[in-house]
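Asker: One structure, as structure tokens, below. Some questions next.
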Amino acid sequence: MSALESRTVAMASHMVPAVGEFLPRDALAWVEEIISTAWTTFKPGGRLHPQTFIESKGHLVVEAILLALISYLLFQGRQKPQRRKERPLSKEEVDELCEEWQPEPLVGKLTAAQAARPPHVITAVSGCSVEVDGKPTTSFASTDFLGFSNLEQGRQVCEEAIHKYGVGACGPRGFYGTMDVHLELEAEIARFMGAEEAILYSYDIATISSIIPAFANAKDLIVCDEAVNYSIQTGCSLSRARLLTFKHNDLADLQRVLEKVAAEDKRSRKPLNRRFIVVEGIYASLGDMAPLKELMALKEKFKYRLIVDESLSLGVLGQHGRGAADHFGIPPTAVEIVGASLGTALACIGGFCSGNREMVDHQRLSGLGYCFSASSPPYTAKVTLETFRALREEGPRLRERLAANAAAFRALAAGVPGLRVVGGEAAAASPVVHLQLDPAPETYEEGDLLLERVVAHVLKHHSILLATAKYSSVETRRPPPSIRVLVTALHEPRHLQAATTALTEAMAALRPR
């Protein structure tokens, strides 16, 4: 008996006392016999050992069976589904079905407020004065906060760039769509924002919705303010990350959310992942500012990265015009990711993201709006360079006047009966002013219709252009209906007084008694 066989028999023997307490002795002998027989059969040299099977040409039998099975599957006839024997419809039945069929509408029915909103055509623009349907009016509906849309030097460089480059780049940045003016503009943005590097996007609404999924995926966590704009909402959705929200500008609620996540991590010992807090410098839907100074302390305490959308605050807030972070004295490098639109105070087109070099370079292969969109036309990049030059030279003076106009209009609008200014004193420097109904209407549609009529009345009787806030039907949260007033540095005190007087008269005429 070989050593291996001896060990096997010994193992079988040792099993007898282990199970002897539960089985009779005859059963134990039977178990021992089965183990010994199985080992004899399958041991090296046994008749069912694989080596013995191969030496006996047994594998040929298996191969023959497999070959026969494959041949059967290849040559068997295809089974066609049996057609149900149904009587074909007669011509009269077909006509009857066609008459009864009603196609689903491509879009839903217009609400009363939408139906009351006639289309207007702007035919001329000169500062805060625009021509609407051939009638001169004062505009409070443009984000041209500093009046850069009418820069004479901008017009000249635009014409020169068109003669040199043409009107389009005709390709994404990574596929021959990059030109020297794009690189020059990115370098200028980085210098202005105090960052290592910047990346240029050709479409502003796709900027932040490309930035977020470039860094967050299904394993990560995003905590954002419940009032963030549609572009941020889209970016969070595209990232597939876990999304938590906190009450608007409520730092106590934010801390509650962060502590809850920390407690979950402690219980489940989850692996490390990337975590972001996302806010806006100036909220598009409410016009107030994020409390970034206090928020910075929380993000440092709980080890989160901060993403700030400075679209409405760029050029408007801060000593250098960098936005809300600059306004609160936060160093440029303290905010990990900054995104912004170039279509507001810069009066151009596109958007950008600025930060450290590794973060920016990562987007050149992961930012969807950068990789798969044609780069911005070269002449727009050239004009943007010119507006940054004007922002450096004229920015401080214009920002001072803009802040004074914003505070003055908020103070005047607070006296309009039936309307409430959103934001209070903390938002005094914000030129985006939302006026909500006070008291609030019973339904959103009722309030939206009333404000739409107020806007139309002000335009018709006072030649002042205002607009109601509008939201997509797919947004996760819709704020109460409001009139969005955009104050600029070009407005004069008489314009602000005229707007509030017109609103007072319109509310008195249209508000239900």
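To be explicit about the labels: the chains of the structure tokens are called A, B, and onward in the order shown, and within each one the residues are counted from 1, while ligands get numbers from 1 in the order they are shown.
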Set out as a Markdown table a contact list for stretch 453-504 of chain A and stretch 108-125 of chain A with a cut-off of 12 Å, giving each residue of stretch 453-504 of chain A that qualifies its closest atom pair and distance in Å to one decimal, counting only C-alpha atoms, ordered by chain and rising residue number.

Answerer:
```
| residue | atom | partner | partner_atom | distance |
| --- | --- | --- | --- | --- |
| A:Arg453 | CA | A:Ala116 | CA | 7.1 |
| A:Val454 | CA | A:Ala116 | CA | 10.7 |
| A:Val455 | CA | A:Arg117 | CA | 9.2 |
| A:Ala456 | CA | A:Arg117 | CA | 7.7 |
| A:His457 | CA | A:Arg117 | CA | 11.2 |
| A:Leu459 | CA | A:His120 | CA | 10.5 |
| A:Lys460 | CA | A:His120 | CA | 11.6 |
| A:Leu465 | CA | A:His120 | CA | 10.2 |
| A:Leu466 | CA | A:His120 | CA | 11.7 |
| A:Ala467 | CA | A:Arg117 | CA | 10.0 |
| A:Thr468 | CA | A:Arg117 | CA | 9.9 |
| A:Ala469 | CA | A:Ala113 | CA | 11.7 |
| A:Lys470 | CA | A:Gln114 | CA | 10.1 |
| A:Ser473 | CA | A:Gly108 | CA | 10.6 |
| A:Pro481 | CA | A:Ala113 | CA | 10.8 |
```

Asker: Write out as a list in words which residues come within 12 Å of A:Leu412 when counting only C-alpha atoms, dropping same-chain ones fewer than 5 positions away.

Answerer: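 Here the qualifying residues turn out to be Asn405, Ala406, Ala407, Pro417, Leu419, Arg420, Val421, Val433, Leu435, Pro493, Arg494, His495, Leu496, Gln497, Ala498, Ala499, Thr500, Thr501, Ala502, Leu503 and Thr504 of chain A.
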
Asker: Please write the residues from the selection above to a file, keeping C-alpha atoms, as a compact mmCIF listing (two decimals), in the first residue's frame.

Answerer:
```txt
# COMPACT_ATOMS: atom_id res chain seq x y z
CA ASN A 405 -27.91 100.35 -8.04
CA ALA A 406 -28.70 96.84 -6.77
CA ALA A 407 -29.02 98.01 -3.16
CA PRO A 417 -47.45 96.53 -2.10
CA LEU A 419 -44.51 91.99 -3.69
CA ARG A 420 -41.70 90.63 -1.54
CA VAL A 421 -37.97 91.01 -2.30
CA VAL A 433 -33.61 90.55 -7.81
CA LEU A 435 -39.95 89.69 -6.55
CA PRO A 493 -31.66 106.40 -10.35
CA ARG A 494 -34.58 107.57 -12.47
CA HIS A 495 -34.77 104.16 -14.15
CA LEU A 496 -34.92 102.38 -10.78
CA GLN A 497 -37.63 104.75 -9.51
CA ALA A 498 -39.64 104.40 -12.71
CA ALA A 499 -39.54 100.58 -12.50
CA THR A 500 -40.79 100.44 -8.91
CA THR A 501 -43.47 103.07 -9.63
CA ALA A 502 -44.65 101.02 -12.63
CA LEU A 503 -44.78 97.84 -10.52
CA THR A 504 -46.76 99.61 -7.81
```

Asker: Taking the backbone alone, and naming residues the way the document does, which bits of stretch 176-374 of chain A are helix (DSSP H, G or I) by DSSP, as a ChimeraX atom specification?

Answerer: /A:176-177,180-193,205-215,230-239,251-268,292-301,324-327,332-334,357-366,368-371

Asker: DSSP on the backbone, then: every residue of stretch 197-313 of chain A marked strand (DSSP E or B), written as a list in words.

Answerer: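 Residues of stretch 197-313 of chain A classed as strand (DSSP E or B): Glu197, Ala198, Ile199, Leu200, Tyr201, Leu221, Ile222, Val223, Cys224, Asp225, Arg242, Leu243, Leu244, Thr245, Phe246, Arg275, Phe276, Ile277, Val278, Val279, Glu280, Ile282, Met289, Arg305, Leu306, Ile307, Val308 and Asp309 of chain A.
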
Asker: Residues of the last selection are to be written out with N, CA and C atoms, as an mmCIF file, in the first residue's frame.

Answerer:
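Below you can see result33.cif, which holds the result:
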```cif
data_model
loop_
_atom_site.group_PDB
_atom_site.id
_atom_site.type_symbol
_atom_site.label_atom_id
_atom_site.label_comp_id
_atom_site.auth_asym_id
_atom_site.auth_seq_id
_atom_site.Cartn_x
_atom_site.Cartn_y
_atom_site.Cartn_z
ATOM 1 N N GLU A 197 -4.651 77.026 -14.027
ATOM 2 C CA GLU A 197 -5.046 76.759 -15.411
ATOM 3 C C GLU A 197 -6.549 76.912 -15.544
ATOM 4 N N ALA A 198 -7.014 77.058 -16.775
ATOM 5 C CA ALA A 198 -8.451 77.156 -17.050
ATOM 6 C C ALA A 198 -8.749 76.410 -18.342
ATOM 7 N N ILE A 199 -9.978 75.939 -18.458
ATOM 8 C CA ILE A 199 -10.430 75.229 -19.654
ATOM 9 C C ILE A 199 -11.665 75.937 -20.185
ATOM 10 N N LEU A 200 -11.733 76.077 -21.501
ATOM 11 C CA LEU A 200 -12.804 76.838 -22.150
ATOM 12 C C LEU A 200 -13.838 75.886 -22.741
ATOM 13 N N TYR A 201 -15.102 76.117 -22.413
ATOM 14 C CA TYR A 201 -16.223 75.370 -22.996
ATOM 15 C C TYR A 201 -16.944 76.284 -23.981
ATOM 16 N N LEU A 221 -20.376 60.878 -3.823
ATOM 17 C CA LEU A 221 -21.462 61.573 -3.119
ATOM 18 C C LEU A 221 -21.439 63.055 -3.468
ATOM 19 N N ILE A 222 -22.623 63.599 -3.777
ATOM 20 C CA ILE A 222 -22.783 65.031 -4.035
ATOM 21 C C ILE A 222 -23.832 65.575 -3.073
ATOM 22 N N VAL A 223 -23.476 66.658 -2.393
ATOM 23 C CA VAL A 223 -24.420 67.363 -1.516
ATOM 24 C C VAL A 223 -24.604 68.757 -2.107
ATOM 25 N N CYS A 224 -25.813 69.096 -2.478
ATOM 26 C CA CYS A 224 -26.016 70.407 -3.108
ATOM 27 C C CYS A 224 -27.227 71.114 -2.517
ATOM 28 N N ASP A 225 -27.212 72.422 -2.657
ATOM 29 C CA ASP A 225 -28.327 73.263 -2.222
ATOM 30 C C ASP A 225 -29.569 72.901 -3.041
ATOM 31 N N ARG A 242 -24.528 59.455 -5.747
ATOM 32 C CA ARG A 242 -25.563 59.604 -4.730
ATOM 33 C C ARG A 242 -25.755 61.093 -4.462
ATOM 34 N N LEU A 243 -26.991 61.552 -4.502
ATOM 35 C CA LEU A 243 -27.281 62.985 -4.381
ATOM 36 C C LEU A 243 -28.093 63.255 -3.128
ATOM 37 N N LEU A 244 -27.581 64.160 -2.295
ATOM 38 C CA LEU A 244 -28.301 64.634 -1.121
ATOM 39 C C LEU A 244 -28.438 66.147 -1.225
ATOM 40 N N THR A 245 -29.545 66.689 -0.742
ATOM 41 C CA THR A 245 -29.757 68.135 -0.789
ATOM 42 C C THR A 245 -29.964 68.673 0.620
ATOM 43 N N PHE A 246 -29.664 69.957 0.778
ATOM 44 C CA PHE A 246 -29.945 70.628 2.044
ATOM 45 C C PHE A 246 -30.792 71.866 1.757
ATOM 46 N N ARG A 275 -16.227 63.271 -2.596
ATOM 47 C CA ARG A 275 -17.402 63.941 -2.048
ATOM 48 C C ARG A 275 -17.352 65.428 -2.374
ATOM 49 N N PHE A 276 -18.486 65.942 -2.802
ATOM 50 C CA PHE A 276 -18.543 67.322 -3.263
ATOM 51 C C PHE A 276 -19.734 68.045 -2.637
ATOM 52 N N ILE A 277 -19.530 69.341 -2.368
ATOM 53 C CA ILE A 277 -20.625 70.251 -2.037
ATOM 54 C C ILE A 277 -20.742 71.219 -3.213
ATOM 55 N N VAL A 278 -21.965 71.377 -3.739
ATOM 56 C CA VAL A 278 -22.178 72.195 -4.939
ATOM 57 C C VAL A 278 -23.146 73.332 -4.620
ATOM 58 N N VAL A 279 -22.724 74.557 -4.915
ATOM 59 C CA VAL A 279 -23.567 75.738 -4.684
ATOM 60 C C VAL A 279 -23.366 76.719 -5.835
ATOM 61 N N GLU A 280 -24.170 77.770 -5.847
ATOM 62 C CA GLU A 280 -24.006 78.878 -6.790
ATOM 63 C C GLU A 280 -23.529 80.116 -6.042
ATOM 64 N N ILE A 282 -24.260 83.365 -6.966
ATOM 65 C CA ILE A 282 -25.565 84.023 -6.923
ATOM 66 C C ILE A 282 -26.557 83.042 -7.525
ATOM 67 N N MET A 289 -27.183 85.100 -2.356
ATOM 68 C CA MET A 289 -25.829 84.568 -2.457
ATOM 69 C C MET A 289 -25.613 83.428 -1.480
ATOM 70 N N ARG A 305 -14.903 68.387 -1.160
ATOM 71 C CA ARG A 305 -14.453 69.356 -2.160
ATOM 72 C C ARG A 305 -15.623 70.279 -2.495
ATOM 73 N N LEU A 306 -15.315 71.514 -2.858
ATOM 74 C CA LEU A 306 -16.353 72.506 -3.123
ATOM 75 C C LEU A 306 -16.383 72.866 -4.603
ATOM 76 N N ILE A 307 -17.575 72.826 -5.189
ATOM 77 C CA ILE A 307 -17.806 73.270 -6.573
ATOM 78 C C ILE A 307 -18.724 74.485 -6.515
ATOM 79 N N VAL A 308 -18.278 75.602 -7.086
ATOM 80 C CA VAL A 308 -19.071 76.837 -7.075
ATOM 81 C C VAL A 308 -19.334 77.275 -8.508
ATOM 82 N N ASP A 309 -20.597 77.486 -8.834
ATOM 83 C CA ASP A 309 -20.995 78.047 -10.126
ATOM 84 C C ASP A 309 -21.065 79.567 -9.971
#
```

Asker: What's the 7 Å shell around stretch 143-149 of chain A, counting only C-alpha atoms, without same-chain residues fewer than 3 positions away, as a list in words?

Answerer: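 So, after excluding close chain neighbours, the residues are Gly127, Thr344, Ala345, Leu346, Ala347, Thr387, Leu398, Leu486, Val487, Thr488, Ala489 and Leu490 of chain A.
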
Asker: Output the selection as a PDB file, in the first residue's frame - C-alpha atoms for each residue.

Answerer:
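That gives us selection-v4.pdb:
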```pdb
ATOM      1  CA  GLY A 127     -26.997 100.040 -23.134  1.00  0.00           C
ATOM      2  CA  THR A 344     -23.532  87.203 -18.373  1.00  0.00           C
ATOM      3  CA  ALA A 345     -21.333  90.123 -17.225  1.00  0.00           C
ATOM      4  CA  LEU A 346     -18.696  89.256 -19.851  1.00  0.00           C
ATOM      5  CA  ALA A 347     -21.390  89.609 -22.560  1.00  0.00           C
ATOM      6  CA  THR A 387     -13.974  92.160 -22.337  1.00  0.00           C
ATOM      7  CA  LEU A 398     -18.573  99.655 -12.747  1.00  0.00           C
ATOM      8  CA  LEU A 486     -31.780  92.348 -13.552  1.00  0.00           C
ATOM      9  CA  VAL A 487     -30.144  95.602 -12.444  1.00  0.00           C
ATOM     10  CA  THR A 488     -27.107  96.869 -14.356  1.00  0.00           C
ATOM     11  CA  ALA A 489     -24.418  99.494 -13.881  1.00  0.00           C
ATOM     12  CA  LEU A 490     -25.946 101.438 -16.780  1.00  0.00           C
TER      13      LEU A 490
END
```

Asker: Which residues are close to A:Asn229, i.e. within 7 Å by only C-alpha atoms, leaving aside same-chain residues fewer than 2 positions away? Reply as a list in words.

Answerer: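 Returned residues: Ala227, Ser231, Ile232, Gln233, Ala284 and Ser285 of chain A.
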
Asker: Please write the residues from the selection above to a file, keeping N, CA and C atoms, as a compact mmCIF listing (two decimals), in the first residue's frame.

Answerer:
```
# COMPACT_ATOMS: atom_id res chain seq x y z
N ALA A 227 -31.78 74.69 -4.19
CA ALA A 227 -32.19 75.71 -5.15
C ALA A 227 -31.22 75.85 -6.32
N SER A 231 -28.71 73.46 -14.84
CA SER A 231 -27.44 72.92 -15.34
C SER A 231 -26.76 72.06 -14.27
N ILE A 232 -26.77 72.52 -13.02
CA ILE A 232 -26.18 71.73 -11.93
C ILE A 232 -27.00 70.46 -11.71
N GLN A 233 -28.31 70.58 -11.74
CA GLN A 233 -29.16 69.40 -11.59
C GLN A 233 -28.84 68.35 -12.66
N ALA A 284 -29.54 81.65 -9.47
CA ALA A 284 -30.34 82.15 -10.57
C ALA A 284 -31.82 82.16 -10.23
N SER A 285 -32.28 81.20 -9.44
CA SER A 285 -33.71 81.07 -9.18
C SER A 285 -34.20 81.95 -8.04
```

Asker: Under the rule that only C-alpha atoms are counted, which of A:Leu74, A:Ile211, A:Val107, A:Leu286 is the nearest residue to A:Val432?

Answerer: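 Once distances to A:Val432 are computed over only C-alpha atoms, the minimum belongs to A:Leu286.
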
Asker: List every residue of stretch 363-450 of chain A that has an atom at most 10 Å from any atom of stretch 311-331 of chain A, and for each one report the closest atom pair and its distance in Å to one decimal, counting only C-alpha atoms, with rows sorted by chain and then by increasing residue number, as CSV.

Answerer:
```
residue,atom,partner,partner_atom,distance
A:Phe388,CA,A:Gly315,CA,9.1
A:Leu391,CA,A:Gly315,CA,7.1
A:Arg392,CA,A:His320,CA,8.0
A:Gly395,CA,A:Gly321,CA,7.1
A:Pro396,CA,A:Gln319,CA,7.4
A:Leu398,CA,A:Val316,CA,8.7
A:Arg399,CA,A:Val316,CA,5.9
A:Glu400,CA,A:Val316,CA,9.1
A:Leu402,CA,A:Val316,CA,7.7
A:Ala403,CA,A:Val316,CA,8.2
A:Ala429,CA,A:Leu317,CA,7.6
A:Ser430,CA,A:Ser313,CA,7.9
A:Pro431,CA,A:Val316,CA,8.1
A:Val432,CA,A:Leu312,CA,8.1
```

Asker: Which one is closest to A:Ser376: A:Ala252, A:Val31, A:Ala64, A:Leu183? Count only C-alpha atoms.

Answerer: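 Looking only at the distances to A:Ser376, the closest residue turns out to be A:Leu183.
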
Asker: With only C-alpha atoms as the basis for distance, which of A:His163, A:Arg240, A:Lys91, A:Lys382 is at the shortest distance from A:Glu184?

Answerer: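 Looking only at the distances to A:Glu184, the closest residue turns out to be A:Lys382.
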
Asker: Do you know which residues are at most 12 Å from A:Phe372 counting only C-alpha atoms, after dropping those on the same chain fewer than 4 positions away, and could you put them as a PyMOL selection string?

Answerer: chain A and resi 170-175+177+201-203+206+210+363-368

Asker: Could you write out the selected residues, including N, CA and C atoms, as a JSON list (two decimals), in the first residue's frame?

Answerer:
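Contents of result_29.json, freshly written:
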```
[["chain", "number", "residue", "atom", "x", "y", "z"],
["A", 170, "CYS", "N", -15.19, 74.73, -36.50],
["A", 170, "CYS", "CA", -15.59, 73.53, -37.24],
["A", 170, "CYS", "C", -14.92, 72.26, -36.74],
["A", 171, "GLY", "N", -14.78, 72.14, -35.44],
["A", 171, "GLY", "CA", -14.22, 70.91, -34.88],
["A", 171, "GLY", "C", -14.05, 71.02, -33.39],
["A", 172, "PRO", "N", -14.16, 69.90, -32.65],
["A", 172, "PRO", "CA", -13.91, 69.92, -31.21],
["A", 172, "PRO", "C", -12.47, 70.30, -30.91],
["A", 173, "ARG", "N", -12.22, 70.66, -29.67],
["A", 173, "ARG", "CA", -10.89, 71.12, -29.30],
["A", 173, "ARG", "C", -9.82, 70.06, -29.55],
["A", 174, "GLY", "N", -10.16, 68.80, -29.33],
["A", 174, "GLY", "CA", -9.18, 67.73, -29.50],
["A", 174, "GLY", "C", -9.02, 67.27, -30.92],
["A", 175, "PHE", "N", -9.81, 67.81, -31.87],
["A", 175, "PHE", "CA", -9.76, 67.38, -33.26],
["A", 175, "PHE", "C", -9.65, 68.61, -34.16],
["A", 177, "GLY", "N", -9.82, 71.67, -33.58],
["A", 177, "GLY", "CA", -10.67, 72.83, -33.31],
["A", 177, "GLY", "C", -10.00, 73.84, -32.40],
["A", 201, "TYR", "N", -15.10, 76.12, -22.41],
["A", 201, "TYR", "CA", -16.22, 75.37, -23.00],
["A", 201, "TYR", "C", -16.94, 76.28, -23.98],
["A", 202, "SER", "N", -17.51, 75.68, -25.03],
["A", 202, "SER", "CA", -18.13, 76.50, -26.06],
["A", 202, "SER", "C", -19.58, 76.85, -25.77],
["A", 203, "TYR", "N", -20.19, 76.17, -24.77],
["A", 203, "TYR", "CA", -21.60, 76.42, -24.47],
["A", 203, "TYR", "C", -21.75, 76.52, -22.96],
["A", 206, "ALA", "N", -23.75, 73.91, -20.79],
["A", 206, "ALA", "CA", -23.12, 72.59, -20.75],
["A", 206, "ALA", "C", -21.85, 72.58, -19.92],
["A", 210, "SER", "N", -21.04, 69.44, -17.47],
["A", 210, "SER", "CA", -19.92, 68.59, -17.92],
["A", 210, "SER", "C", -18.87, 68.44, -16.82],
["A", 363, "GLN", "N", -10.26, 67.30, -17.42],
["A", 363, "GLN", "CA", -11.47, 67.57, -18.20],
["A", 363, "GLN", "C", -11.23, 67.53, -19.70],
["A", 364, "ARG", "N", -9.99, 67.65, -20.11],
["A", 364, "ARG", "CA", -9.72, 67.65, -21.56],
["A", 364, "ARG", "C", -9.99, 66.28, -22.18],
["A", 365, "LEU", "N", -10.09, 65.25, -21.36],
["A", 365, "LEU", "CA", -10.48, 63.93, -21.84],
["A", 365, "LEU", "C", -11.78, 63.44, -21.22],
["A", 366, "SER", "N", -12.26, 64.12, -20.19],
["A", 366, "SER", "CA", -13.45, 63.65, -19.48],
["A", 366, "SER", "C", -14.61, 64.63, -19.49],
["A", 367, "GLY", "N", -14.39, 65.88, -19.85],
["A", 367, "GLY", "CA", -15.48, 66.86, -19.93],
["A", 367, "GLY", "C", -16.25, 66.69, -21.23],
["A", 368, "LEU", "N", -17.47, 66.17, -21.14],
["A", 368, "LEU", "CA", -18.23, 65.84, -22.35],
["A", 368, "LEU", "C", -18.47, 67.05, -23.23]]
```

Asker: If you measure from atom CA of A:Ser373 to atom CA of A:Leu106, what distance in Å do you get, rounded to one decimal?

Answerer: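 Going from atom CA of A:Ser373 over to atom CA of A:Leu106 covers 27.2 Å.
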
Asker: Record the distance separating atom CA of A:Tyr471 and atom CA of A:Ser209, expressed in Å with one decimal.

Answerer: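 Calculated distance between atom CA of A:Tyr471 and atom CA of A:Ser209 is 16.7 Å.
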